[in-house]
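Step one of this worksheet: look at the structure below.
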Amino acid sequence: MTVLDKQPLTLAIPLYEDPPGVLRVGKSRVLLELVLHAFQRGQTPEGIIQSFSTLSLPDVYAVVGYYLANPAPFDEYLLRCDAQAEAVRRQLEAAGMTGRVDKEELLARARAKGLLRDTAAD
């Protein structure tokens, strides 16, 4: 009797939907598209879990392995996610909500709200 005799030969893919239509990895809230885009950019599973500390290495390997075995449904999902993100970006731009803010502006806002002590006055 070997170790394999005691183990199932199938592996559950650690994905869940929350909210409907949005896939997340493992027990984390990390979006599937973030993991797959990182992998497509050349990050290793080890590098991905360094970027997303709530992920586990076995979960990332399982998802990446499943993606590599059958990429077509995942590629369709990624295209949908990218199209939705682009639509949101366009809406934000149209509403004037995508202007870049420099570091000094952020610090001034924080000081005005009392969130940051002005160290220059000390």
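Chains: A, B, ... in order of the structure tokens. Residues: from 1 per chain. Ligands: from 1, in order shown.
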- Task: Find the spatial neighbours of Leu23 (chain A), counting only C-alpha atoms, within a cut-off of 10 Å - ignore same-chain residues fewer than 4 positions away - and output them as a PyMOL selection string.
- Result: chain A and resi 14-19+29-33+77
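You will find CA of Ala112 (chain A) at 20.5 Å from CA of Met97 (chain A).
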- Give the answer as one residue: which of A:Gly114, A:Gly47, A:Gly21, A:Pro71 has the shortest atom-to-atom distance to Val35 (chain A), using only C-alpha atoms?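 Of the candidates, the smallest distance to Val35 (chain A) is held by A:Gly47.
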- Item | DSSP helix (DSSP H, G or I) residues within chain A, listed as a ChimeraX atom specification | /A:3-6,32-40,45-51,57-69,71-94,103-112,119-121
How would the residues just chosen look if you wrote them out with C-alpha atoms as a short mmCIF file (atom, residue, chain, number, x, y, z; two decimals), in the first residue's frame?
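For reference, selection00.cif as written:
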```cif
data_model
loop_
_atom_site.label_atom_id
_atom_site.label_comp_id
_atom_site.auth_asym_id
_atom_site.auth_seq_id
_atom_site.Cartn_x
_atom_site.Cartn_y
_atom_site.Cartn_z
CA VAL A 3 0.59 6.92 0.13
CA LEU A 4 -1.37 7.41 -3.10
CA ASP A 5 -3.67 4.53 -2.19
CA LYS A 6 -4.88 6.59 0.79
CA LEU A 32 -8.81 35.26 -9.61
CA GLU A 33 -7.93 37.80 -12.30
CA LEU A 34 -5.21 39.30 -10.09
CA VAL A 35 -3.59 35.90 -9.64
CA LEU A 36 -3.82 34.98 -13.32
CA HIS A 37 -2.61 38.37 -14.57
CA ALA A 38 0.37 38.12 -12.20
CA PHE A 39 1.14 34.64 -13.52
CA GLN A 40 0.80 35.83 -17.12
CA PRO A 45 3.35 31.14 -7.49
CA GLU A 46 5.86 31.95 -4.74
CA GLY A 47 6.04 35.55 -5.97
CA ILE A 48 2.26 35.78 -6.14
CA ILE A 49 1.83 34.76 -2.50
CA GLN A 50 4.42 37.38 -1.53
CA SER A 51 2.22 39.98 -3.24
CA LEU A 57 0.94 28.40 -2.02
CA PRO A 58 -1.04 25.17 -2.64
CA ASP A 59 -4.09 27.23 -3.66
CA VAL A 60 -2.09 29.31 -6.14
CA TYR A 61 -0.44 26.21 -7.64
CA ALA A 62 -3.84 24.50 -7.95
CA VAL A 63 -5.42 27.50 -9.70
CA VAL A 64 -2.44 28.04 -12.03
CA GLY A 65 -2.31 24.32 -12.85
CA TYR A 66 -6.02 24.27 -13.64
CA TYR A 67 -5.61 27.39 -15.79
CA LEU A 68 -2.73 25.83 -17.72
CA ALA A 69 -4.68 22.62 -18.32
CA PRO A 71 -7.01 28.18 -20.42
CA ALA A 72 -9.97 28.97 -22.73
CA PRO A 73 -12.67 29.49 -20.04
CA PHE A 74 -10.23 31.49 -17.92
CA ASP A 75 -9.21 33.67 -20.86
CA GLU A 76 -12.89 34.42 -21.51
CA TYR A 77 -13.36 35.31 -17.83
CA LEU A 78 -10.30 37.58 -17.93
CA LEU A 79 -11.59 39.34 -21.04
CA ARG A 80 -14.92 40.01 -19.28
CA CYS A 81 -13.15 41.31 -16.17
CA ASP A 82 -10.88 43.56 -18.23
CA ALA A 83 -13.86 44.93 -20.18
CA GLN A 84 -15.73 45.67 -16.95
CA ALA A 85 -12.66 47.37 -15.46
CA GLU A 86 -12.27 49.50 -18.59
CA ALA A 87 -15.94 50.54 -18.42
CA VAL A 88 -15.55 51.57 -14.77
CA ARG A 89 -12.36 53.48 -15.61
CA ARG A 90 -14.19 55.39 -18.37
CA GLN A 91 -17.06 56.22 -15.99
CA LEU A 92 -14.62 57.52 -13.38
CA GLU A 93 -12.78 59.60 -15.96
CA ALA A 94 -16.07 61.06 -17.23
CA LYS A 103 2.34 63.44 -2.46
CA GLU A 104 2.21 67.04 -1.23
CA GLU A 105 -1.51 67.28 -1.94
CA LEU A 106 -2.18 64.05 -0.02
CA LEU A 107 -0.12 65.29 2.93
CA ALA A 108 -1.98 68.63 2.92
CA ARG A 109 -5.32 66.83 2.94
CA ALA A 110 -4.21 64.60 5.82
CA ARG A 111 -3.03 67.63 7.82
CA ALA A 112 -6.31 69.46 7.17
CA THR A 119 6.62 67.83 11.73
CA ALA A 120 7.97 71.07 10.23
CA ALA A 121 6.46 73.03 13.13
#
```
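In this structure, CA of Arg100 (chain A) sits 19.8 Å away from CA of Lys113 (chain A).
Take the candidates A:Gln7, A:Thr2, A:Thr98, A:Ser28 and check each one against Ser53 (chain A) using only C-alpha atoms; the shortest distance goes to A:Ser28.
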- Item | Point-to-point distance in Å for CA of Ser56 (chain A) and CA of Thr44 (chain A) |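 According to the coordinates, CA of Thr44 (chain A) and CA of Ser56 (chain A) are separated by 13.0 Å.
Listed by chain and then by rising number, the residues of chain A that DSSP assigns to strand (DSSP E or B) from the backbone are A:Leu15, A:Tyr16, A:Glu17, A:Leu23, A:Arg24, A:Val25, A:Leu31.
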